[in-house]
file work_8.pdb (PDB, C-alpha atoms)
ATOM      1  CA  MET A   1      40.659 135.539 118.494
ATOM      2  CA  LYS A   2      41.520 133.586 121.628
ATOM      3  CA  LYS A   3      43.842 131.403 119.556
ATOM      4  CA  ILE A   4      45.651 134.208 117.737
ATOM      5  CA  SER A   5      45.968 136.683 120.619
ATOM      6  CA  PRO A   6      49.157 135.130 122.160
ATOM      7  CA  ALA A   7      50.950 135.497 118.798
ATOM      8  CA  VAL A   8      49.835 139.136 118.412
ATOM      9  CA  VAL A   9      50.709 140.047 122.007
ATOM     10  CA  CYS A  10      54.122 138.322 121.831
ATOM     11  CA  GLY A  11      54.816 139.885 118.406
ATOM     12  CA  PHE A  12      54.088 143.320 119.839
ATOM     13  CA  GLY A  13      56.258 142.550 122.884
ATOM     14  CA  ALA A  14      59.102 141.404 120.629
ATOM     15  CA  ALA A  15      58.844 144.644 118.611
ATOM     16  CA  VAL A  16      59.038 146.733 121.798
ATOM     17  CA  ALA A  17      62.037 144.727 123.082
ATOM     18  CA  ALA A  18      63.766 144.854 119.681
ATOM     19  CA  PHE A  19      63.338 148.641 119.630
ATOM     20  CA  LEU A  20      65.128 149.207 122.940
ATOM     21  CA  PRO A  21      68.775 150.284 122.632
ATOM     22  CA  GLY A  22      71.230 147.740 124.005
ATOM     23  CA  ILE A  23      69.071 144.672 123.517
ATOM     24  CA  LYS A  24      67.958 145.447 119.945
ATOM     25  CA  ASN A  25      71.035 143.587 118.650
ATOM     26  CA  PHE A  26      69.657 140.339 120.035
ATOM     27  CA  ALA A  27      66.350 140.818 118.184
ATOM     28  CA  CYS A  28      66.755 137.860 115.885
ATOM     29  CA  CYS A  29      68.873 135.362 117.701
ATOM     30  CA  LEU A  30      67.113 135.697 121.071
ATOM     31  CA  ILE A  31      64.054 137.967 121.223
ATOM     32  CA  LEU A  32      62.083 136.666 118.231
ATOM     33  CA  PRO A  33      62.602 132.933 118.845
ATOM     34  CA  ALA A  34      61.817 133.550 122.538
ATOM     35  CA  ALA A  35      58.632 135.434 121.591
ATOM     36  CA  SER A  36      57.541 132.606 119.268
ATOM     37  CA  PHE A  37      58.258 130.068 122.004
ATOM     38  CA  LEU A  38      56.329 132.133 124.574
ATOM     39  CA  SER A  39      53.355 132.545 122.231
ATOM     40  CA  LEU A  40      53.132 128.754 121.778
ATOM     41  CA  TYR A  41      53.421 128.224 125.524
ATOM     42  CA  LEU A  42      50.650 130.786 126.154
ATOM     43  CA  TYR A  43      48.516 129.203 123.442
ATOM     44  CA  LYS A  44      48.768 125.851 125.214
ATOM     45  CA  ARG A  45      47.876 127.457 128.548
ATOM     46  CA  ILE A  46      44.928 129.460 127.186
ATOM     47  CA  THR A  47      43.353 126.672 125.138
ATOM     48  CA  GLU A  48      44.273 123.941 127.672
ATOM     49  CA  ASP A  49      45.007 121.739 124.665
ATOM     50  CA  ARG A  50      46.714 118.479 125.712
ATOM     51  CA  THR A  51      47.538 117.246 122.187
ATOM     52  CA  PRO A  52      51.104 117.745 120.827
ATOM     53  CA  LEU A  53      51.704 120.934 118.854
ATOM     54  CA  ARG A  54      51.591 120.427 115.093
ATOM     55  CA  PRO A  55      54.528 121.570 112.910
ATOM     56  CA  MET A  56      52.553 123.670 110.403
ATOM     57  CA  MET A  57      50.530 125.273 113.168
ATOM     58  CA  SER A  58      53.720 126.109 115.105
ATOM     59  CA  ALA A  59      55.351 127.516 111.960
ATOM     60  CA  ASN A  60      52.255 129.632 111.252
ATOM     61  CA  TYR A  61      52.272 130.855 114.818
ATOM     62  CA  GLY A  62      55.951 131.819 114.547
ATOM     63  CA  LEU A  63      55.232 133.514 111.219
ATOM     64  CA  THR A  64      52.434 135.546 112.818
ATOM     65  CA  VAL A  65      54.756 136.620 115.643
ATOM     66  CA  GLY A  66      57.410 137.599 113.061
ATOM     67  CA  VAL A  67      55.008 139.568 110.843
ATOM     68  CA  VAL A  68      53.347 141.387 113.761
ATOM     69  CA  SER A  69      56.730 142.284 115.271
ATOM     70  CA  ALA A  70      58.058 143.467 111.863
ATOM     71  CA  VAL A  71      55.024 145.736 111.318
ATOM     72  CA  PHE A  72      55.211 147.260 114.816
ATOM     73  CA  LEU A  73      59.018 147.594 114.696
ATOM     74  CA  THR A  74      58.775 149.480 111.393
ATOM     75  CA  LEU A  75      55.986 151.645 112.815
ATOM     76  CA  PHE A  76      58.062 152.534 115.898
ATOM     77  CA  GLU A  77      61.091 153.332 113.729
ATOM     78  CA  VAL A  78      59.017 155.562 111.403
ATOM     79  CA  ILE A  79      57.404 157.406 114.333
ATOM     80  CA  LEU A  80      60.803 157.987 115.970
ATOM     81  CA  SER A  81      62.270 159.221 112.664
ATOM     82  CA  ALA A  82      59.305 161.586 112.212
ATOM     83  CA  LEU A  83      59.757 162.988 115.716
ATOM     84  CA  THR A  84      63.546 163.353 115.725
ATOM     85  CA  LYS A  85      64.055 163.859 111.948
ATOM     86  CA  THR A  86      67.045 161.535 112.086
ATOM     87  CA  ASN A  87      67.817 157.827 112.476
ATOM     88  CA  ASP A  88      70.663 155.288 112.185
ATOM     89  CA  PHE A  89      70.558 155.492 108.387
ATOM     90  CA  VAL A  90      71.074 159.284 108.365
ATOM     91  CA  LYS A  91      73.890 158.942 110.925
ATOM     92  CA  ASP A  92      75.663 156.194 108.938
ATOM     93  CA  LEU A  93      75.411 157.864 105.527
ATOM     94  CA  PRO A  94      78.599 160.008 105.767
ATOM     95  CA  GLN A  95      80.573 156.846 106.662
ATOM     96  CA  LEU A  96      79.094 155.081 103.642
ATOM     97  CA  LYS A  97      80.027 157.990 101.360
ATOM     98  CA  GLU A  98      83.571 157.886 102.671
ATOM     99  CA  LEU A  99      83.720 154.189 101.844
ATOM    100  CA  VAL A 100      82.526 154.881  98.273
ATOM    101  CA  LYS A 101      85.217 157.542  97.856
ATOM    102  CA  GLN A 102      87.897 155.139  99.103
ATOM    103  CA  THR A 103      86.839 152.269  96.838
ATOM    104  CA  GLY A 104      86.251 154.616  93.870
ATOM    105  CA  LEU A 105      83.487 152.564  92.279
ATOM    106  CA  GLY A 106      81.772 153.576  89.024
ATOM    107  CA  PRO A 107      78.623 155.495  88.018
ATOM    108  CA  GLU A 108      76.251 152.799  89.325
ATOM    109  CA  SER A 109      77.383 153.518  92.847
ATOM    110  CA  THR A 110      77.044 157.252  92.300
ATOM    111  CA  ALA A 111      73.441 156.777  91.135
ATOM    112  CA  ALA A 112      72.655 154.563  94.134
ATOM    113  CA  LEU A 113      74.307 157.074  96.443
ATOM    114  CA  SER A 114      72.219 159.935  95.068
ATOM    115  CA  LEU A 115      69.107 157.862  95.899
ATOM    116  CA  LEU A 116      70.408 157.339  99.450
ATOM    117  CA  ASP A 117      71.104 161.089  99.650
ATOM    118  CA  ARG A 118      67.509 161.834  98.650
ATOM    119  CA  ILE A 119      66.199 159.453 101.332
ATOM    120  CA  SER A 120      68.421 161.096 103.930
ATOM    121  CA  LEU A 121      67.269 164.574 102.858
ATOM    122  CA  ASP A 122      63.593 163.539 103.041
ATOM    123  CA  ILE A 123      64.073 162.227 106.565
ATOM    124  CA  GLN A 124      65.948 165.336 107.696
ATOM    125  CA  THR A 125      63.371 167.741 106.237
ATOM    126  CA  THR A 126      59.991 166.000 106.607
ATOM    127  CA  GLY A 127      60.939 163.152 108.936
ATOM    128  CA  PHE A 128      59.518 160.580 106.510
ATOM    129  CA  SER A 129      60.631 158.784 103.354
ATOM    130  CA  VAL A 130      58.467 156.282 101.458
ATOM    131  CA  THR A 131      61.531 154.481 100.054
ATOM    132  CA  PHE A 132      63.018 154.139 103.524
ATOM    133  CA  LEU A 133      59.689 152.806 104.841
ATOM    134  CA  ILE A 134      59.512 150.186 102.059
ATOM    135  CA  VAL A 135      63.143 149.051 102.533
ATOM    136  CA  LEU A 136      62.743 148.892 106.318
ATOM    137  CA  LEU A 137      59.432 147.033 106.175
ATOM    138  CA  PHE A 138      60.762 144.563 103.590
ATOM    139  CA  SER A 139      63.943 143.948 105.578
ATOM    140  CA  ASN A 140      62.062 143.510 108.876
ATOM    141  CA  LEU A 141      59.399 141.266 107.333
ATOM    142  CA  LEU A 142      62.002 139.042 105.666
ATOM    143  CA  VAL A 143      64.255 138.532 108.684
ATOM    144  CA  ASN A 144      61.539 138.466 111.375
ATOM    145  CA  ALA A 145      59.320 136.043 109.461
ATOM    146  CA  VAL A 146      62.154 133.532 109.028
ATOM    147  CA  PHE A 147      63.341 133.826 112.636
ATOM    148  CA  GLY A 148      59.747 133.712 113.892
ATOM    149  CA  ILE A 149      59.116 130.430 112.048
ATOM    150  CA  VAL A 150      62.428 128.994 113.260
ATOM    151  CA  GLY A 151      61.549 130.034 116.834
ATOM    152  CA  GLY A 152      58.110 128.443 116.481
ATOM    153  CA  LEU A 153      59.625 125.132 115.345
ATOM    154  CA  ILE A 154      62.229 125.132 118.126
ATOM    155  CA  GLY A 155      59.492 125.948 120.646
ATOM    156  CA  MET A 156      57.305 123.151 119.309
ATOM    157  CA  ALA A 157      60.161 120.635 119.573
ATOM    158  CA  TYR A 158      60.861 121.674 123.182
ATOM    159  CA  ILE A 159      57.224 121.790 124.358
ATOM    160  CA  ASN A 160      56.306 118.449 122.748
ATOM    161  CA  ASN A 161      59.478 116.846 124.137
ATOM    162  CA  ARG A 162      58.718 118.130 127.636
ATOM    163  CA  GLU A 163      55.107 116.949 127.518
ATOM    164  CA  GLN A 164      56.187 113.492 126.356
ATOM    165  CA  ASN A 165      58.563 113.212 129.290
ATOM    166  CA  GLN A 166      55.878 114.190 131.830
TER     167      GLN A 166
ATOM    168  CA  MET B   1      51.291 110.425 102.992
ATOM    169  CA  ARG B   2      54.077 112.949 103.484
ATOM    170  CA  GLY B   3      52.697 116.497 103.356
ATOM    171  CA  PRO B   4      54.564 119.654 102.353
ATOM    172  CA  GLN B   5      55.598 120.152 105.996
ATOM    173  CA  PHE B   6      57.811 117.058 105.757
ATOM    174  CA  TYR B   7      59.977 118.768 103.129
ATOM    175  CA  PHE B   8      59.411 122.479 103.671
ATOM    176  CA  LEU B   9      60.005 122.896 107.408
ATOM    177  CA  PRO B  10      63.291 120.911 107.711
ATOM    178  CA  ALA B  11      64.474 122.596 104.475
ATOM    179  CA  LEU B  12      63.743 125.978 106.030
ATOM    180  CA  LEU B  13      65.735 125.083 109.154
ATOM    181  CA  ILE B  14      68.721 124.185 106.971
ATOM    182  CA  SER B  15      68.507 126.907 104.331
ATOM    183  CA  ALA B  16      67.770 129.904 106.615
ATOM    184  CA  PRO B  17      71.161 129.877 108.410
ATOM    185  CA  LEU B  18      72.982 128.981 105.180
ATOM    186  CA  LEU B  19      71.412 131.920 103.308
ATOM    187  CA  LEU B  20      72.246 134.234 106.185
ATOM    188  CA  LEU B  21      75.891 133.098 106.134
ATOM    189  CA  ALA B  22      76.079 133.481 102.353
ATOM    190  CA  ALA B  23      74.680 137.044 102.554
ATOM    191  CA  ALA B  24      77.030 137.942 105.413
ATOM    192  CA  TYR B  25      80.180 136.754 103.631
ATOM    193  CA  LEU B  26      79.227 138.017 100.153
ATOM    194  CA  PRO B  27      81.067 141.350 100.621
ATOM    195  CA  MET B  28      84.246 139.400 101.518
ATOM    196  CA  ALA B  29      84.083 137.123  98.501
ATOM    197  CA  THR B  30      83.345 139.829  95.957
ATOM    198  CA  LEU B  31      83.618 143.592  96.015
ATOM    199  CA  LEU B  32      79.962 144.595  96.149
ATOM    200  CA  PRO B  33      79.269 148.296  95.530
ATOM    201  CA  PRO B  34      78.940 149.965  98.992
ATOM    202  CA  PRO B  35      75.209 150.825  98.674
ATOM    203  CA  TYR B  36      74.376 147.147  98.164
ATOM    204  CA  THR B  37      76.682 146.165 101.010
ATOM    205  CA  TYR B  38      74.878 148.761 103.126
ATOM    206  CA  LEU B  39      71.502 147.282 102.197
ATOM    207  CA  LEU B  40      72.705 143.806 103.171
ATOM    208  CA  LYS B  41      74.186 145.243 106.359
ATOM    209  CA  THR B  42      70.794 146.809 107.207
ATOM    210  CA  ILE B  43      68.951 143.544 106.588
ATOM    211  CA  LEU B  44      71.439 141.528 108.657
ATOM    212  CA  GLY B  45      71.654 144.291 111.290
ATOM    213  CA  SER B  46      68.786 142.743 113.211
ATOM    214  CA  ALA B  47      70.542 139.358 113.232
ATOM    215  CA  CYS B  48      73.867 140.579 114.671
ATOM    216  CA  HIS B  49      75.456 143.637 116.330
ATOM    217  CA  GLN B  50      78.140 143.661 113.567
ATOM    218  CA  GLU B  51      80.831 145.292 115.740
ATOM    219  CA  PRO B  52      83.810 145.743 113.366
ATOM    220  CA  LEU B  53      86.360 144.383 115.881
ATOM    221  CA  LYS B  54      84.395 141.141 116.209
ATOM    222  CA  CYS B  55      83.866 140.594 112.461
ATOM    223  CA  ALA B  56      86.312 138.957 110.067
ATOM    224  CA  GLY B  57      87.823 141.173 107.342
ATOM    225  CA  SER B  58      87.903 144.959 107.248
ATOM    226  CA  GLY B  59      86.516 147.971 105.361
ATOM    227  CA  SER B  60      84.415 147.124 102.326
ATOM    228  CA  ARG B  61      85.470 143.486 102.660
ATOM    229  CA  GLU B  62      84.161 143.079 106.187
ATOM    230  CA  ALA B  63      81.846 140.180 107.046
ATOM    231  CA  LEU B  64      78.357 141.301 108.079
ATOM    232  CA  LEU B  65      78.131 138.852 110.987
ATOM    233  CA  CYS B  66      80.394 138.690 114.036
ATOM    234  CA  MET B  67      82.445 135.554 114.624
ATOM    235  CA  ARG B  68      80.057 134.246 117.330
ATOM    236  CA  CYS B  69      76.991 134.644 115.080
ATOM    237  CA  THR B  70      78.940 133.019 112.233
ATOM    238  CA  GLY B  71      79.532 130.055 114.557
ATOM    239  CA  ILE B  72      75.875 129.973 115.645
ATOM    240  CA  TYR B  73      74.523 129.974 112.083
ATOM    241  CA  ALA B  74      77.168 127.548 110.781
ATOM    242  CA  GLY B  75      76.365 125.243 113.697
ATOM    243  CA  ALA B  76      72.649 125.697 113.055
ATOM    244  CA  ALA B  77      72.983 124.552 109.439
ATOM    245  CA  ALA B  78      75.241 121.617 110.395
ATOM    246  CA  GLY B  79      72.994 120.678 113.328
ATOM    247  CA  ALA B  80      69.892 120.753 111.132
ATOM    248  CA  VAL B  81      71.547 118.465 108.546
ATOM    249  CA  ALA B  82      72.732 116.122 111.324
ATOM    250  CA  GLY B  83      69.203 116.117 112.757
ATOM    251  CA  LEU B  84      67.911 114.871 109.400
ATOM    252  CA  LEU B  85      70.533 112.123 109.112
ATOM    253  CA  LEU B  86      70.955 110.863 112.691
ATOM    254  CA  ARG B  87      68.339 109.347 114.977
ATOM    255  CA  TYR B  88      70.008 109.954 118.340
ATOM    256  CA  ARG B  89      67.804 112.039 120.657
ATOM    257  CA  LEU B  90      69.830 114.831 122.248
ATOM    258  CA  PRO B  91      68.932 115.388 125.937
ATOM    259  CA  ASN B  92      67.740 118.930 126.752
ATOM    260  CA  TYR B  93      70.642 119.462 129.184
ATOM    261  CA  VAL B  94      73.176 119.155 126.315
ATOM    262  CA  THR B  95      71.499 122.028 124.448
ATOM    263  CA  GLY B  96      71.231 124.008 127.691
ATOM    264  CA  GLY B  97      74.892 123.292 128.495
ATOM    265  CA  ALA B  98      76.039 124.459 125.059
ATOM    266  CA  TRP B  99      74.160 127.765 125.471
ATOM    267  CA  LEU B 100      75.518 128.135 129.012
ATOM    268  CA  LEU B 101      79.043 127.727 127.629
ATOM    269  CA  LEU B 102      78.342 130.461 125.079
ATOM    270  CA  LEU B 103      76.957 132.711 127.807
ATOM    271  CA  CYS B 104      80.066 132.058 129.935
ATOM    272  CA  ASP B 105      82.306 133.071 127.031
ATOM    273  CA  VAL B 106      80.292 136.291 126.502
ATOM    274  CA  LEU B 107      80.422 137.114 130.233
ATOM    275  CA  CYS B 108      84.146 136.322 130.585
ATOM    276  CA  HIS B 109      84.935 138.563 127.624
ATOM    277  CA  ASN B 110      82.628 141.377 128.830
ATOM    278  CA  LEU B 111      83.991 141.228 132.392
ATOM    279  CA  GLY B 112      87.549 141.410 131.078
ATOM    280  CA  VAL B 113      88.627 137.913 132.193
ATOM    281  CA  TYR B 114      90.158 137.454 128.741
ATOM    282  CA  ASN B 115      90.177 139.288 125.417
ATOM    283  CA  TYR B 116      87.736 138.536 122.618
ATOM    284  CA  SER B 117      88.947 135.436 120.858
ATOM    285  CA  PHE B 118      87.778 134.517 117.344
ATOM    286  CA  PRO B 119      88.235 130.728 117.821
ATOM    287  CA  ALA B 120      86.481 130.708 121.236
ATOM    288  CA  ALA B 121      83.571 132.816 119.952
ATOM    289  CA  PHE B 122      83.227 130.655 116.829
ATOM    290  CA  LEU B 123      83.446 127.333 118.691
ATOM    291  CA  THR B 124      80.982 128.223 121.467
ATOM    292  CA  GLY B 125      78.589 129.592 118.813
ATOM    293  CA  LEU B 126      79.008 126.469 116.705
ATOM    294  CA  LEU B 127      78.150 124.186 119.640
ATOM    295  CA  ALA B 128      75.167 126.264 120.761
ATOM    296  CA  GLY B 129      73.662 126.661 117.267
ATOM    297  CA  GLY B 130      74.352 123.036 116.370
ATOM    298  CA  ALA B 131      72.776 121.589 119.523
ATOM    299  CA  LEU B 132      69.693 123.809 119.269
ATOM    300  CA  PHE B 133      68.968 123.104 115.605
ATOM    301  CA  TYR B 134      69.747 119.391 115.951
ATOM    302  CA  ALA B 135      67.179 119.169 118.754
ATOM    303  CA  ALA B 136      64.693 121.273 116.766
ATOM    304  CA  VAL B 137      64.926 119.122 113.630
ATOM    305  CA  ARG B 138      64.731 115.877 115.629
ATOM    306  CA  GLY B 139      61.688 117.187 117.501
ATOM    307  CA  LEU B 140      60.093 118.335 114.261
ATOM    308  CA  LEU B 141      60.654 114.998 112.513
ATOM    309  CA  THR B 142      59.384 113.058 115.548
ATOM    310  CA  THR B 143      56.154 115.103 115.551
ATOM    311  CA  ILE B 144      55.717 114.704 111.788
ATOM    312  CA  HIS B 145      56.216 110.915 112.060
ATOM    313  CA  GLN B 146      53.798 110.689 114.986
ATOM    314  CA  GLU B 147      51.195 112.622 113.006
ATOM    315  CA  ALA B 148      51.652 110.379 109.970
ATOM    316  CA  ALA B 149      51.348 107.164 112.062
TER     317      ALA B 149
END
call {"tool": "encode", "arguments": {"input": "work_8.pdb", "output": "structure tokens"}}
result
Amino acid sequence: MKKISPAVVCGFGAAVAAFLPGIKNFACCLILPAASFLSLYLYKRITEDRTPLRPMMSANYGLTVGVVSAVFLTLFEVILSALTKTNDFVKDLPQLKELVKQTGLGPESTAALSLLDRISLDIQTTGFSVTFLIVLLFSNLLVNAVFGIVGGLIGMAYINNREQNQ
Amino acid sequence: MRGPQFYFLPALLISAPLLLLAAAYLPMATLLPPPYTYLLKTILGSACHQEPLKCAGSGSREALLCMRCTGIYAGAAAGAVAGLLLRYRLPNYVTGGAWLLLLCDVLCHNLGVYNYSFPAAFLTGLLAGGALFYAAVRGLLTTIHQEAA
């Protein structure tokens, strides 16, 4: 537990930061790699381990940060949608429909749009949609996991390099 | 013996930015139906702010990454490949300097010193992403070699 706690804490912190308006746009390029880096740094401090960080361990650590942040980010988004009965998806849907009208694409698009309409209606009436939850969780898991691993590897390279120089 | 980490981790550092770029520029290359473009836009939404004025193209043929992020990810892929091929060890201040340059460009644009420029955003992003991923791949390979020795 002592070993995994920095990754869980930093993952949660990254989810909170990525949920805040204004800085949420930097979630992947800054917040997640920084959280992975911080979790590795904290791991080294907590365990007082003097050996260089190992690549697979760093990647796993970054992955844990990414997965934890994706789960919490999705949870926050779902809770906010349930409370306000709206979200970015509902707000953007009219714009998307306008785009479909302009491009005049075939029946496939109409079918997909009716699905999006149903999701929007579910959110506006009950505040929750299973399809939206699945899409959001999948999207967050995919992007956050990759950026978490990348952040872990960058952090490992920096920390090992710094320790070698000392 | 070379373990899976020798192949998998550097491959991930190269393929992740390339896949992101491919997904972002897919709507420009082919006319994807809007719902699919929207899905891609949602997935890439956490990787970039996607402000229309800062993205190449327009309407349904708009790129899903801004020009700076395009530069960062293009540089990241190129830097990762260079890190595999070259043995030169990049000092930390070069990476720091490249990111400082990017930050200066963002600040100058936000403070109104000059207007948003596609070439400046792309170039500063390219340098920052390239330096960071070059250093990351070199560091990764050094650690893997040290472990194997």
call {"tool": "resolve_selection", "arguments": {"input": "work_8.pdb", "expression": "the PyMOL selection byres ((chain B) within 10 of (chain A))", "output": "compact mmCIF listing (two decimals) with C-alpha atoms, in the coordinates of the input"}}
result
# COMPACT_ATOMS: atom_id res chain seq x y z
CA PRO B 4 54.56 119.65 102.35
CA GLN B 5 55.60 120.15 106.00
CA PHE B 6 57.81 117.06 105.76
CA PHE B 8 59.41 122.48 103.67
CA LEU B 9 60.00 122.90 107.41
CA PRO B 10 63.29 120.91 107.71
CA LEU B 12 63.74 125.98 106.03
CA LEU B 13 65.74 125.08 109.15
CA ALA B 16 67.77 129.90 106.62
CA PRO B 17 71.16 129.88 108.41
CA LEU B 20 72.25 134.23 106.18
CA LEU B 31 83.62 143.59 96.02
CA LEU B 32 79.96 144.60 96.15
CA PRO B 33 79.27 148.30 95.53
CA PRO B 34 78.94 149.96 98.99
CA PRO B 35 75.21 150.82 98.67
CA TYR B 36 74.38 147.15 98.16
CA THR B 37 76.68 146.16 101.01
CA TYR B 38 74.88 148.76 103.13
CA LEU B 39 71.50 147.28 102.20
CA LEU B 40 72.70 143.81 103.17
CA THR B 42 70.79 146.81 107.21
CA ILE B 43 68.95 143.54 106.59
CA LEU B 44 71.44 141.53 108.66
CA GLY B 45 71.65 144.29 111.29
CA SER B 46 68.79 142.74 113.21
CA ALA B 47 70.54 139.36 113.23
CA CYS B 48 73.87 140.58 114.67
CA HIS B 49 75.46 143.64 116.33
CA GLN B 50 78.14 143.66 113.57
CA GLY B 59 86.52 147.97 105.36
CA SER B 60 84.42 147.12 102.33
CA CYS B 69 76.99 134.64 115.08
CA ILE B 72 75.88 129.97 115.64
CA TYR B 73 74.52 129.97 112.08
CA PRO B 91 68.93 115.39 125.94
CA ASN B 92 67.74 118.93 126.75
CA GLY B 129 73.66 126.66 117.27
CA LEU B 132 69.69 123.81 119.27
CA PHE B 133 68.97 123.10 115.60
CA TYR B 134 69.75 119.39 115.95
CA ALA B 135 67.18 119.17 118.75
CA ALA B 136 64.69 121.27 116.77
CA VAL B 137 64.93 119.12 113.63
CA ARG B 138 64.73 115.88 115.63
CA GLY B 139 61.69 117.19 117.50
CA LEU B 140 60.09 118.34 114.26
CA LEU B 141 60.65 115.00 112.51
CA THR B 142 59.38 113.06 115.55
CA THR B 143 56.15 115.10 115.55
CA ILE B 144 55.72 114.70 111.79
CA GLN B 146 53.80 110.69 114.99
CA GLU B 147 51.20 112.62 113.01
call {"tool": "resolve_selection", "arguments": {"input": "work_8.pdb", "expression": "the PyMOL selection byres ((chain A and resi 71) around 9)", "output": "ChimeraX atom specification"}}
result
/A:12,15,66-70,72-76,137,140-141
call {"tool": "atom_distance", "arguments": {"input": "work_8.pdb", "atom1": "CA of Ala148 (chain B)", "atom2": "CA of Ala7 (chain A)"}}
result
26.6 Å
call {"tool": "resolve_selection", "arguments": {"input": "work_8.pdb", "expression": "the PyMOL selection byres ((chain B and resi 98-110) around 12)", "output": "tab-separated table (two decimals) with C-alpha atoms, in the frame of the given file"}}
result
chain	number	residue	atom	x	y	z
A	30	LEU	CA	67.11	135.70	121.07
B	54	LYS	CA	84.40	141.14	116.21
B	68	ARG	CA	80.06	134.25	117.33
B	69	CYS	CA	76.99	134.64	115.08
B	71	GLY	CA	79.53	130.06	114.56
B	72	ILE	CA	75.88	129.97	115.64
B	75	GLY	CA	76.36	125.24	113.70
B	90	LEU	CA	69.83	114.83	122.25
B	91	PRO	CA	68.93	115.39	125.94
B	92	ASN	CA	67.74	118.93	126.75
B	93	TYR	CA	70.64	119.46	129.18
B	94	VAL	CA	73.18	119.16	126.32
B	95	THR	CA	71.50	122.03	124.45
B	96	GLY	CA	71.23	124.01	127.69
B	97	GLY	CA	74.89	123.29	128.50
B	111	LEU	CA	83.99	141.23	132.39
B	112	GLY	CA	87.55	141.41	131.08
B	113	VAL	CA	88.63	137.91	132.19
B	114	TYR	CA	90.16	137.45	128.74
B	115	ASN	CA	90.18	139.29	125.42
B	116	TYR	CA	87.74	138.54	122.62
B	117	SER	CA	88.95	135.44	120.86
B	118	PHE	CA	87.78	134.52	117.34
B	119	PRO	CA	88.24	130.73	117.82
B	120	ALA	CA	86.48	130.71	121.24
B	121	ALA	CA	83.57	132.82	119.95
B	122	PHE	CA	83.23	130.66	116.83
B	123	LEU	CA	83.45	127.33	118.69
B	124	THR	CA	80.98	128.22	121.47
B	125	GLY	CA	78.59	129.59	118.81
B	126	LEU	CA	79.01	126.47	116.70
B	127	LEU	CA	78.15	124.19	119.64
B	128	ALA	CA	75.17	126.26	120.76
B	129	GLY	CA	73.66	126.66	117.27
B	130	GLY	CA	74.35	123.04	116.37
B	131	ALA	CA	72.78	121.59	119.52
B	132	LEU	CA	69.69	123.81	119.27
B	133	PHE	CA	68.97	123.10	115.60
call {"tool": "atom_distance", "arguments": {"input": "work_8.pdb", "atom1": "CA of Val81 (chain B)", "atom2": "CA of Ile14 (chain B)"}}
result
6.6 Å
call {"tool": "axis_aligned_box", "arguments": {"input": "work_8.pdb", "around": "region 138-146 of chain A", "padding_each_side": "3 Å", "output": "AutoDock Vina command-line options"}}
result
--center_x 61.8 --center_y 139.0 --center_z 107.5 --size_x 10.9 --size_y 17.0 --size_z 13.8
call {"tool": "atom_distance", "arguments": {"input": "work_8.pdb", "atom1": "CA of Ser114 (chain A)", "atom2": "CA of Val130 (chain A)"}}
result
15.6 Å
